[in-house]
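These notes are about the structure you will find just below.
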Amino acid sequence: MTTNPVFPTPFERSGVVTPGLPILPYGVERYPVQGGGSRAVAIRKGDEITVQDREGLQPVELVFFAPDGMSDAGMIGAIGGRDPKGLKAALVADISGVKVVNALEKSGFDIGKADGILVFPEGSRAGDYTSFTASCDGLLIVCAAGGEMDPHEQWAPTKIVLYIRRADPKAAKGIVSPPEPMAKTLADFNIQPGEAIPYEVKAGQFIQVLDVQGRECSDFQAFSLSALDKGLEREIDPTTTRALMGSLYPAPGIFSKYFSSDQEPLVQIIQDSVGRHDTFGLACTARYYEDMGYPGHVNCSDNMNSALTGFGIKPRGGWHAINFFFNTLLDETNAISMDDPFSRPGDYVLLRALTDLVCISTACPCDVDPANGWNPTDIQVRVYGETEDFKPSIGWRKTPEADLEETKKTGFHDCFARHTRDFVEYAGYWLPNQMTNHGAIAEYWAAREKAVVMDLSPLRKYEVTGPDAEKLMQLCVTRDMKKLAVGGVVYTAMCYEHGGMIDDGTVYRLGGENFRWIGGNDQSGIWLGKQAQEHRLNAWVRNSTDHHCNIAIQGPLSRDILKGVIWTPPQQPSIEELPWFRLTLARIGDFHGPAVVVSRTGYSGELGYEVFCHPKDAKEVFDAIWEAGEPMGMIPLGLSALDMLRIEAGLIFAGSEFDDQTDPMEAGIGFTVPLKSKTDNFIGRKALERRKEHPQRKLIGLELEGGIVPSPGDCIHIGKPQIGEVTSAVRSPILGKVIALARVDITHAEAGTELEVGRLDGDQKRLKATIVRIPHFDPTKERVKGNYP
């Protein structure tokens with residue numbers, strides 16, 4: 001067994017690297033398998049089969065069937081004789097297992113007689129892989145075996161990757177092949193560059209426009225068929241759509257519809273794996289190419305004119321259209337320009353027809369600018385039936401080269417859906433924004449006066465285990481892990497070598513060699529795994545985010561609500577005994593109830609707790625807490641109210657108060673960098689020592705006059721020069737004034753300093769402001785400590 005195989009590599013040409021376009025060696029295919037899931041792949045004689053464990057400690061089960069239904073591990077040169085229990089369980093429990101079951105039934109294979117193979121029988125490290133060679137044709141079934149993870153435990157199944165190196169490379173899936181359809185198709189056709197194809201779609205049916213090879217644009221237009229029958233042309237009108245939706249283009253969620261000029265909704269966007277399109281420019285025209293010196297160049301507008309004549313639609317000199325995947329840029333001089341599309345191979349948009357339509361799609365032929373990455377390629381269009389159940393989704397990738405993930409529902413999603421339909425995408429998950437019968441201000445006051453419950457499940461959780469777990473954490477975070485007791489929780493920063501922040505988060509110590517990192521982004525967990533490998537530490541870092549969903553119960557009554565719900569064993573602290581930044585291993589109700597981890601932590605500036613459980617138990621956990629809390633005035637809280645609470649409390653947020661150019665001192669959390677008491681080296685220490693000795697910027701609080709709430713990024717001035725910028729701002733209900741967090745030059749960071757916040761162009765409108773201490777509310781944190789008046 002070796003480590004770190006280099007299969008996919010970023011595309012590179014003449015010094016330009018595009019990690020979002022990973023390429024494989026000729027004849028190699030890649031199949032990701034999610035933790036707890038399975039996959040079936042057809043194998044030919046001589047094919048090389050490689051299984052890679054991405055995070056370590058993941059058992060993998062293989063089964064190989066010959067065409068006659070015989071199963072023998074020796075057919076791929078492996079040792080069998082094992083009952084593939086994990087695979088059998090996955091076929092029952094995992095959605096992807098349905099496809100495997102269908103493949104087995106179609107081929108007449110009996111999984112009960114399968115000769116199971118266990119890969120990595122002695123455990124594995126991140127990146128480990130092993131290979132086999134097929135001696136005959138057959139069907140390979142792969143399973144990343146594993147089941148549900150108890151919140152008290154630290155092992156959950158994680159993703160593996162299967163690579164097939166074809167003995168006959170010509171038989172491999174080529175780079176021009178589109179992915180498998182999402183469901184049974186009513187229409188499925190390929191559009192080559194320079195083509196436009198019209199098609200009819202009935203109300204309720206779905207349209208998928210798919211960029212096969214990546215970096216290719218596709219003009220889309222849809223006409224109301226009922227209007228055409230009346231002799232009227234009523235197609236998608238970009239200006240009307242922007243006005244009604246309040247954005248440059250619709251996105252999955254509430255504001256998701258495209259309208260005609262008569263304000264009739266024509267299509268709704270259900271899924272979008274790219275998030276970057278154009279509604280301003282025309283489809284490319286003959287004049288565009290002529291003005292660039294390319295007369296006679298094939299263009300989308302002329303192609304659309306020709307294709308639409310059969311429907312009685314009049315030709316136009318240039319078609320306004322929804323240009324999917326086109327990357328429009330607007331600079332500070334208001335000039336419109338373009339760059340390569342964001343779309344990767346297989347990216348797509350999925351639309352739903354809201355009325356009977358005549359549609360048209362193109363594959364743009366432009367090869368004289370970056371519109372198609374200088375290399376026009378094909379577009380695939382598929383139409384699915386109205387009975388399909390496609391869920392709203394915005395594509396999410398942990399890193400530029402990572403596999404696409406659909407927007408997920410948290411384990412508590414359906415519980416909050418009882419109170420609102422207003423969900424927004426947050427870090428790959430749907431989270432409630434405001435509650436229908438409350439609204440942000442009512443939710444805010446409930447947190448300050450009674451109690452609220454909020455969904456924080458998208459927080460990233462990574463299990464850090466092994467003999468060198470403490471050493472790894474000591475290396476990667478700024479706080480001193482040697483001083484963190486078992487059962488303790490500590491808030492800390494994680495930095496790069498130059499001192500810029502990767503993330504802030506909390507470390508839970510579950511045992512001497514057991515830690516749980518909880519942060520805001522996946523990059524922090526990926527960084528931990530990278531450092532474990534590079535420093536050759538005997539530690540494992542495994543993603544457990546989808547096995548730990550968590551709600552926060554915050555507010556003056558939070559302790560009273562939970563003390564009657566949470567049962568703790570004698571060796572664990574009760575809710576009433578639990579101090580600030582400690583955790584307890586508990587259950588709901590009694591000894592037999594669902595397992596939970598409860599910590600006295602939060603993000604509200606109030607007394608509060610976070611309750612972690614497995615998604616399978618989420619409804620039972622929520623209902624128990626709701627039953628106790630609702631009579632006491634507890635209500636659900638969404639992201640809008642949470643932002644108000646955290647700004648008042650001076651709590652920082654990634655992308656606002658910090659990024660990878662900001663050190664913890666500049667982010668206002670210098671207390672997480674104990675350079676004197678922590679004597680061990682850690683990543684970024686030298687840079688932080690230098691930055692602390694020579695500070696440049698400081699996070700400060702502002703009180704503003706005039707009642708106008710500034711926007712993040714607004715410039716801050718003393719006279720003419722800019723000396724800082726606003727990071728977050730809100731109208732504080734409890735203080736009755738507009739407040740903000742801001743970062744300014746250290747020269748002008750003293751409390752009492754009078755500043756001006758620039759609006760418009762920064763000079764034509766100024767808001768008077770004064771620097772104040774942060775937090776703005778409860779600066780001594782008495783409420784968080786539970787010391788209410």
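The chains in the structure tokens are called A, B, ... from first to last as shown; in each chain the residues are counted from 1, and the ligands are counted from 1 in the order shown.
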
Selection: 9 Å around Gly385 of chain A, only C-alpha atoms, excl. self and same-chain fewer than 5 positions, as a ChimeraX atom specification: /A:183-186,202,204-206

For the selection just defined, write its residues with C-alpha atoms to a file, as a tab-separated table (two decimals), in the first residue's frame.
```tsv
chain	number	residue	atom	x	y	z
A	183	ALA	CA	-33.93	10.97	-14.00
A	184	LYS	CA	-35.79	9.51	-16.97
A	185	THR	CA	-35.64	12.01	-19.81
A	186	LEU	CA	-38.39	13.14	-22.16
A	202	LYS	CA	-45.16	21.55	-21.03
A	204	GLY	CA	-44.44	21.56	-14.81
A	205	GLN	CA	-41.70	19.85	-16.82
A	206	PHE	CA	-38.04	20.45	-16.04
```

Using only C-alpha atoms, can you tell me which of A:Gly27, A:Gly138, A:Gly466, A:Gly77 comes closest to Phe64 of chain A?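 Distance minimum relative to Phe64 of chain A lands on A:Gly138.
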
Find the residues near Glu122 of chain A: any atom within 12 Å, counting only C-alpha atoms, skip ones fewer than 3 places away on the same chain, and give them as an mmCIF file with N, CA, C and O atoms, in the first residue's frame.
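Saved to around.cif:
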```cif
data_model
loop_
_atom_site.group_PDB
_atom_site.id
_atom_site.type_symbol
_atom_site.label_atom_id
_atom_site.label_comp_id
_atom_site.auth_asym_id
_atom_site.auth_seq_id
_atom_site.Cartn_x
_atom_site.Cartn_y
_atom_site.Cartn_z
ATOM 1 N N MET A 1 0.850 -1.189 0.000
ATOM 2 C CA MET A 1 0.000 0.000 0.000
ATOM 3 C C MET A 1 0.887 1.240 0.000
ATOM 4 O O MET A 1 1.808 1.351 0.801
ATOM 5 N N GLY A 56 -8.926 8.611 5.751
ATOM 6 C CA GLY A 56 -8.335 7.628 6.640
ATOM 7 C C GLY A 56 -9.351 6.895 7.488
ATOM 8 O O GLY A 56 -10.454 7.390 7.757
ATOM 9 N N LEU A 57 -8.965 5.668 7.895
ATOM 10 C CA LEU A 57 -9.772 4.822 8.783
ATOM 11 C C LEU A 57 -11.128 4.447 8.192
ATOM 12 O O LEU A 57 -12.050 4.106 8.932
ATOM 13 N N GLN A 58 -11.264 4.499 6.868
ATOM 14 C CA GLN A 58 -12.540 4.158 6.252
ATOM 15 C C GLN A 58 -12.491 2.746 5.672
ATOM 16 O O GLN A 58 -11.795 2.491 4.692
ATOM 17 N N PRO A 59 -13.226 1.789 6.263
ATOM 18 C CA PRO A 59 -13.286 0.447 5.676
ATOM 19 C C PRO A 59 -14.028 0.472 4.344
ATOM 20 O O PRO A 59 -15.032 1.155 4.199
ATOM 21 N N VAL A 60 -13.512 -0.261 3.384
ATOM 22 C CA VAL A 60 -14.117 -0.324 2.054
ATOM 23 C C VAL A 60 -14.415 -1.778 1.722
ATOM 24 O O VAL A 60 -13.546 -2.647 1.876
ATOM 25 N N LEU A 118 -12.540 -6.984 1.840
ATOM 26 C CA LEU A 118 -12.317 -5.846 2.728
ATOM 27 C C LEU A 118 -11.009 -5.173 2.353
ATOM 28 O O LEU A 118 -9.935 -5.778 2.437
ATOM 29 N N VAL A 119 -11.100 -3.938 1.912
ATOM 30 C CA VAL A 119 -9.908 -3.146 1.603
ATOM 31 C C VAL A 119 -9.483 -2.411 2.875
ATOM 32 O O VAL A 119 -10.321 -2.007 3.678
ATOM 33 N N ARG A 125 -4.540 5.498 6.377
ATOM 34 C CA ARG A 125 -4.320 6.914 6.586
ATOM 35 C C ARG A 125 -4.897 7.696 5.418
ATOM 36 O O ARG A 125 -5.187 7.138 4.363
ATOM 37 N N ASP A 128 -4.312 6.936 1.499
ATOM 38 C CA ASP A 128 -3.903 5.557 1.185
ATOM 39 C C ASP A 128 -4.764 4.985 0.068
ATOM 40 O O ASP A 128 -5.946 5.295 -0.060
#
```

May I ask which of the residues A:Arg242, A:Arg382, A:Arg743, A:Arg582 is the closest one to Glu657 of chain A, counting only C-alpha atoms?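 Ranking A:Arg242, A:Arg382, A:Arg743, A:Arg582 by distance to Glu657 of chain A, first place goes to A:Arg743.
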